[in-house]
Amino acid sequence: MKNSFTLVTLYIAAFVGYAGFSLLFPVMPLYAAELGATIGQVGLIVAANSYMTAILLIPMGMLCDKFGRHKLLIGGLAVFAAVPLLYPLASNPAQLTLVRAIHGLGAAAFLPAAIALVIDLTPEAKRGEAIGWYTASLQLGLMAGPITGGFLLGHFGFDAVFFTCSAISLIALAFAFSRLRTISHPPPAEATCARSWHWLSSVLIFVGMLTQLLVAIGSGTISSYIPLYGREFGITEAGAGAIITALYGSSAILRAPAGKLADRVNKGQLIIGGLGITVIAVALVAVFHSLFPLIMVAVLFGVGMGIAMPASLALVAELAPARARGLAMAMGTAFFQIGFALGATAMGGVAGASDFETMFFACAASIAFGLLVLIGLMRVRSKQRDKELL
């Protein structure tokens, strides 16, 4: 594949950057509770990062298309490295929420720039596979972080986690910056003009975006509340990290094969199958109350996530014009961040009003309803295509 060395650089940067970022997954709910946050506030604190990312992603994607991918990629990694040093300075839930929101700025800059570069450097026939490898790298980072963060918290305390998070992100920044010269710099695209927005009218674009949101509702709910849920059954911080690691690890393993498959078969079928698996997995979280079964359920969710996500991203990339790829990837990622935030906040409200078991069942029902909507949209598109052929 052309530009393979550059692609590997992007894969490594994604892995290292998100390994540092995901150290906080099993730690942040417990740190928020340590500062006096209620269950509802815990959800808001965890989600503040995702809300800020979702708000900024589309503007960042447009900047990425206009001024080039590289500045935003490096800037995002710089924020990842600097912000963790602010967490120990927070003394109450409001301050912690603010720091989480600032952390979201880094993701908003990094994510659309990195994946747009991957698409720019990949032939159309292999984009699904390349997206699969990129998201696999990111997921492997998300896999490595939680179990490491749980271990560090259990043995060395909160500050050790925050300083390690900063150090790992600094490594990603140094690596990406040192390799920047190997990346060809295409001229910045012109600002997206009105006539180039027609691609947003496609039903399948919305299918791809909504898939991101639904998967994220499930992953946001599990990642945010497994540490507190597990405490009720004697699961340690490291155990909670292992559950989250199992989720992202199984997803990472499937990303590249699923992306390659998405280049060859119907992407809609992969999306439906993957989302169906996530519905079953989230419901099963409410059924099991010990470490090993919850790890197995997390693996099942990761399988569904690993199947659905590359197909949805490839679908959006296929329909978006070249000069709007940064925007298109930003929109898809924004839907994911909104879903993650909704999983943390809305489902936290359900847990606060009832219990965690009810929350996980409600989450599964929400994803199932969204899946039915997607199936309906795909049928509408199929009928439209049949009419066009007549």
# chains A, B, ... in the order shown; residues from 1 in each chain; ligands from 1
>>> residues_around(residues="A:Ser91", least_positions_apart="2", cutoff="10 Å", atoms="only C-alpha atoms", output="CSV table (one decimal) with C-alpha atoms, in the first residue's frame")
chain,number,residue,atom,x,y,z
A,32,ALA,CA,-15.2,12.3,41.0
A,34,GLU,CA,-13.7,11.1,46.0
A,35,LEU,CA,-14.3,14.8,45.4
A,36,GLY,CA,-17.9,14.5,46.6
A,87,TYR,CA,-6.5,17.0,37.4
A,88,PRO,CA,-4.7,17.0,40.7
A,89,LEU,CA,-5.4,20.7,41.1
A,93,PRO,CA,-16.8,18.5,41.1
A,94,ALA,CA,-17.2,21.8,39.3
A,95,GLN,CA,-13.5,22.2,38.8
A,96,LEU,CA,-13.1,18.6,37.7
>>> closest_atom_pairs(of="stretch 199-264 of chain A", to="stretch 127-150 of chain A", cutoff="9 Å", atoms="only C-alpha atoms", output="tab-separated table")
residue	atom	partner	partner_atom	distance
A:Thr236	CA	A:Gly150	CA	8.3
A:Glu237	CA	A:Gly150	CA	4.9
A:Ala238	CA	A:Gly150	CA	4.2
A:Gly239	CA	A:Gly150	CA	7.5
A:Ala240	CA	A:Gly150	CA	7.2
A:Gly241	CA	A:Ile147	CA	4.1
A:Ala242	CA	A:Ile147	CA	5.0
A:Ile243	CA	A:Ile147	CA	8.2
A:Ile244	CA	A:Pro146	CA	6.3
A:Thr245	CA	A:Met143	CA	4.2
A:Ala246	CA	A:Met143	CA	6.9
A:Leu247	CA	A:Met143	CA	7.4
A:Tyr248	CA	A:Met143	CA	4.9
A:Gly249	CA	A:Met143	CA	4.9
A:Ser250	CA	A:Met143	CA	8.6
A:Ser251	CA	A:Gln139	CA	6.7
A:Ala252	CA	A:Ala136	CA	4.3
A:Ile253	CA	A:Ala136	CA	6.7
A:Leu254	CA	A:Ala136	CA	7.5
A:Arg255	CA	A:Gly132	CA	4.5
A:Ala256	CA	A:Gly132	CA	4.0
A:Pro257	CA	A:Gly132	CA	7.2
A:Ala258	CA	A:Gly132	CA	6.8
A:Gly259	CA	A:Glu129	CA	4.4
A:Lys260	CA	A:Glu129	CA	4.2
A:Leu261	CA	A:Glu129	CA	7.8
A:Ala262	CA	A:Gly128	CA	5.9
A:Asp263	CA	A:Gly128	CA	5.4
>>> closest_residue(among="A:Phe206, A:Phe336, A:Tyr18, A:Phe163", to="A:Met305", atoms="only C-alpha atoms")
A:Phe336
>>> residues_around(residues="A:Thr53", least_positions_apart="4", cutoff="12 Å", atoms="only C-alpha atoms", output="PyMOL selection string")
chain A and resi 47-49+57-61+76+100-112+330-341
>>> residues_around(residues="A:Ala344", least_positions_apart="6", cutoff="7 Å", atoms="only C-alpha atoms", output="list in words")
Gly43, Leu44, Val46, Ala47, Gly220, Thr221 and Ser224 of chain A
>>> write_last_selection(atoms="C-alpha atoms", output="PDB file, in the first residue's frame")
ATOM      1  CA  GLY A  43     -21.957  10.905  34.754  1.00  0.00           C
ATOM      2  CA  LEU A  44     -21.737  14.612  33.905  1.00  0.00           C
ATOM      3  CA  VAL A  46     -17.164  11.710  32.781  1.00  0.00           C
ATOM      4  CA  ALA A  47     -19.214  13.048  29.861  1.00  0.00           C
ATOM      5  CA  GLY A 220     -20.172   5.146  27.377  1.00  0.00           C
ATOM      6  CA  THR A 221     -22.542   3.483  29.815  1.00  0.00           C
ATOM      7  CA  SER A 224     -18.558   5.105  33.007  1.00  0.00           C
TER       8      SER A 224
END
>>> residues_around(residues="A:Gly40", least_positions_apart="2", cutoff="7 Å", atoms="only C-alpha atoms", output="list in words")
Thr38, Val42, Gly43, Leu44, Thr345, Gly348, Gly349 and Gly352 of chain A
>>> atom_distance(atom1="atom CA of A:Tyr11", atom2="atom CA of A:Leu153")
27.5 Å
>>> select_by_dssp(residues="stretch 131-316 of chain A", states="helix (DSSP H, G or I)", output="PyMOL selection string")
chain A and resi 131-156+158-178+180-182+194-201+203-231+237-262+267-285+291-316
>>> atom_distance(atom1="atom CA of A:Val203", atom2="atom CA of A:Arg69")
27.6 Å
>>> atom_distance(atom1="atom CA of A:Leu85", atom2="atom CA of A:Phe151")
19.2 Å
>>> decode(residues="stretch 266-372 of chain A", atoms="C-alpha atoms", output="PDB file, in the first residue's frame")
ATOM      1  CA  ASN A 266     -22.803  -4.945   2.140  1.00  0.00           C
ATOM      2  CA  LYS A 267     -21.880  -2.453   4.853  1.00  0.00           C
ATOM      3  CA  GLY A 268     -25.468  -2.195   6.064  1.00  0.00           C
ATOM      4  CA  GLN A 269     -25.587  -5.877   6.939  1.00  0.00           C
ATOM      5  CA  LEU A 270     -22.400  -5.548   8.988  1.00  0.00           C
ATOM      6  CA  ILE A 271     -23.861  -2.563  10.824  1.00  0.00           C
ATOM      7  CA  ILE A 272     -27.087  -4.387  11.673  1.00  0.00           C
ATOM      8  CA  GLY A 273     -25.268  -7.511  12.849  1.00  0.00           C
ATOM      9  CA  GLY A 274     -22.778  -5.566  14.958  1.00  0.00           C
ATOM     10  CA  LEU A 275     -25.433  -3.439  16.640  1.00  0.00           C
ATOM     11  CA  GLY A 276     -27.564  -6.501  17.374  1.00  0.00           C
ATOM     12  CA  ILE A 277     -24.651  -8.038  19.268  1.00  0.00           C
ATOM     13  CA  THR A 278     -24.144  -4.858  21.316  1.00  0.00           C
ATOM     14  CA  VAL A 279     -27.808  -4.875  22.379  1.00  0.00           C
ATOM     15  CA  ILE A 280     -27.484  -8.410  23.740  1.00  0.00           C
ATOM     16  CA  ALA A 281     -24.200  -7.630  25.492  1.00  0.00           C
ATOM     17  CA  VAL A 282     -25.435  -4.505  27.297  1.00  0.00           C
ATOM     18  CA  ALA A 283     -28.515  -6.362  28.561  1.00  0.00           C
ATOM     19  CA  LEU A 284     -26.303  -9.174  29.862  1.00  0.00           C
ATOM     20  CA  VAL A 285     -24.234  -6.734  31.956  1.00  0.00           C
ATOM     21  CA  ALA A 286     -27.292  -6.363  34.198  1.00  0.00           C
ATOM     22  CA  VAL A 287     -27.531 -10.133  34.643  1.00  0.00           C
ATOM     23  CA  PHE A 288     -23.997 -10.975  35.821  1.00  0.00           C
ATOM     24  CA  HIS A 289     -22.419  -9.850  39.091  1.00  0.00           C
ATOM     25  CA  SER A 290     -18.886 -11.265  39.093  1.00  0.00           C
ATOM     26  CA  LEU A 291     -15.648 -10.490  37.332  1.00  0.00           C
ATOM     27  CA  PHE A 292     -15.190 -13.294  34.794  1.00  0.00           C
ATOM     28  CA  PRO A 293     -18.751 -13.256  33.364  1.00  0.00           C
ATOM     29  CA  LEU A 294     -18.600  -9.472  33.052  1.00  0.00           C
ATOM     30  CA  ILE A 295     -15.308  -9.744  31.167  1.00  0.00           C
ATOM     31  CA  MET A 296     -16.959 -12.205  28.762  1.00  0.00           C
ATOM     32  CA  VAL A 297     -19.912  -9.859  28.264  1.00  0.00           C
ATOM     33  CA  ALA A 298     -17.505  -6.982  27.625  1.00  0.00           C
ATOM     34  CA  VAL A 299     -15.774  -9.115  24.979  1.00  0.00           C
ATOM     35  CA  LEU A 300     -19.159  -9.729  23.348  1.00  0.00           C
ATOM     36  CA  PHE A 301     -19.893  -5.998  23.256  1.00  0.00           C
ATOM     37  CA  GLY A 302     -16.445  -5.398  21.759  1.00  0.00           C
ATOM     38  CA  VAL A 303     -17.179  -7.916  19.006  1.00  0.00           C
ATOM     39  CA  GLY A 304     -20.331  -6.042  18.020  1.00  0.00           C
ATOM     40  CA  MET A 305     -18.530  -2.718  18.218  1.00  0.00           C
ATOM     41  CA  GLY A 306     -15.617  -4.036  16.169  1.00  0.00           C
ATOM     42  CA  ILE A 307     -17.958  -5.176  13.397  1.00  0.00           C
ATOM     43  CA  ALA A 308     -20.202  -2.110  13.211  1.00  0.00           C
ATOM     44  CA  MET A 309     -17.736   0.757  13.549  1.00  0.00           C
ATOM     45  CA  PRO A 310     -15.402   0.221  10.535  1.00  0.00           C
ATOM     46  CA  ALA A 311     -18.399  -0.412   8.293  1.00  0.00           C
ATOM     47  CA  SER A 312     -20.095   2.823   9.388  1.00  0.00           C
ATOM     48  CA  LEU A 313     -16.930   4.919   8.969  1.00  0.00           C
ATOM     49  CA  ALA A 314     -16.216   3.391   5.561  1.00  0.00           C
ATOM     50  CA  LEU A 315     -19.805   4.131   4.519  1.00  0.00           C
ATOM     51  CA  VAL A 316     -19.419   7.814   5.412  1.00  0.00           C
ATOM     52  CA  ALA A 317     -15.963   8.047   3.792  1.00  0.00           C
ATOM     53  CA  GLU A 318     -17.345   6.476   0.609  1.00  0.00           C
ATOM     54  CA  LEU A 319     -20.052   9.117   0.247  1.00  0.00           C
ATOM     55  CA  ALA A 320     -18.135  12.245   1.296  1.00  0.00           C
ATOM     56  CA  PRO A 321     -16.134  14.236  -1.306  1.00  0.00           C
ATOM     57  CA  ALA A 322     -12.361  14.521  -0.866  1.00  0.00           C
ATOM     58  CA  ARG A 323     -12.398  18.190   0.154  1.00  0.00           C
ATOM     59  CA  ALA A 324     -14.931  17.492   2.907  1.00  0.00           C
ATOM     60  CA  ARG A 325     -13.347  14.387   4.465  1.00  0.00           C
ATOM     61  CA  GLY A 326     -12.177  16.182   7.569  1.00  0.00           C
ATOM     62  CA  LEU A 327     -15.697  17.507   8.094  1.00  0.00           C
ATOM     63  CA  ALA A 328     -17.264  14.102   7.376  1.00  0.00           C
ATOM     64  CA  MET A 329     -15.000  12.285   9.829  1.00  0.00           C
ATOM     65  CA  ALA A 330     -15.546  15.043  12.384  1.00  0.00           C
ATOM     66  CA  MET A 331     -19.307  14.633  12.086  1.00  0.00           C
ATOM     67  CA  GLY A 332     -19.095  10.864  12.521  1.00  0.00           C
ATOM     68  CA  THR A 333     -16.849  11.245  15.543  1.00  0.00           C
ATOM     69  CA  ALA A 334     -19.140  13.962  16.934  1.00  0.00           C
ATOM     70  CA  PHE A 335     -22.035  11.516  16.831  1.00  0.00           C
ATOM     71  CA  PHE A 336     -19.856   9.006  18.700  1.00  0.00           C
ATOM     72  CA  GLN A 337     -18.929  11.572  21.346  1.00  0.00           C
ATOM     73  CA  ILE A 338     -22.565  12.634  21.756  1.00  0.00           C
ATOM     74  CA  GLY A 339     -23.544   8.995  22.201  1.00  0.00           C
ATOM     75  CA  PHE A 340     -20.785   8.412  24.750  1.00  0.00           C
ATOM     76  CA  ALA A 341     -21.893  11.504  26.666  1.00  0.00           C
ATOM     77  CA  LEU A 342     -25.558  10.450  26.544  1.00  0.00           C
ATOM     78  CA  GLY A 343     -24.611   7.013  27.833  1.00  0.00           C
ATOM     79  CA  ALA A 344     -22.787   8.576  30.773  1.00  0.00           C
ATOM     80  CA  THR A 345     -25.340  11.272  31.667  1.00  0.00           C
ATOM     81  CA  ALA A 346     -28.774   9.955  30.663  1.00  0.00           C
ATOM     82  CA  MET A 347     -28.089   6.446  31.903  1.00  0.00           C
ATOM     83  CA  GLY A 348     -26.567   7.897  35.067  1.00  0.00           C
ATOM     84  CA  GLY A 349     -29.908   9.587  35.662  1.00  0.00           C
ATOM     85  CA  VAL A 350     -31.645   6.227  35.275  1.00  0.00           C
ATOM     86  CA  ALA A 351     -29.244   4.625  37.765  1.00  0.00           C
ATOM     87  CA  GLY A 352     -29.741   7.453  40.235  1.00  0.00           C
ATOM     88  CA  ALA A 353     -33.517   7.055  40.041  1.00  0.00           C
ATOM     89  CA  SER A 354     -33.473   3.232  40.243  1.00  0.00           C
ATOM     90  CA  ASP A 355     -30.383   1.011  40.161  1.00  0.00           C
ATOM     91  CA  PHE A 356     -27.547  -0.064  37.882  1.00  0.00           C
ATOM     92  CA  GLU A 357     -29.335  -3.184  36.607  1.00  0.00           C
ATOM     93  CA  THR A 358     -32.285  -1.099  35.402  1.00  0.00           C
ATOM     94  CA  MET A 359     -29.834   1.327  33.818  1.00  0.00           C
ATOM     95  CA  PHE A 360     -28.151  -1.369  31.699  1.00  0.00           C
ATOM     96  CA  PHE A 361     -31.533  -2.752  30.557  1.00  0.00           C
ATOM     97  CA  ALA A 362     -32.622   0.790  29.615  1.00  0.00           C
ATOM     98  CA  CYS A 363     -29.389   1.267  27.670  1.00  0.00           C
ATOM     99  CA  ALA A 364     -29.946  -1.980  25.747  1.00  0.00           C
ATOM    100  CA  ALA A 365     -33.520  -0.915  24.939  1.00  0.00           C
ATOM    101  CA  SER A 366     -32.285   2.446  23.637  1.00  0.00           C
ATOM    102  CA  ILE A 367     -29.790   0.819  21.278  1.00  0.00           C
ATOM    103  CA  ALA A 368     -32.417  -1.682  20.106  1.00  0.00           C
ATOM    104  CA  PHE A 369     -34.824   1.137  19.274  1.00  0.00           C
ATOM    105  CA  GLY A 370     -32.106   2.936  17.322  1.00  0.00           C
ATOM    106  CA  LEU A 371     -31.337  -0.276  15.447  1.00  0.00           C
ATOM    107  CA  LEU A 372     -34.963  -0.507  14.325  1.00  0.00           C
TER     108      LEU A 372
END
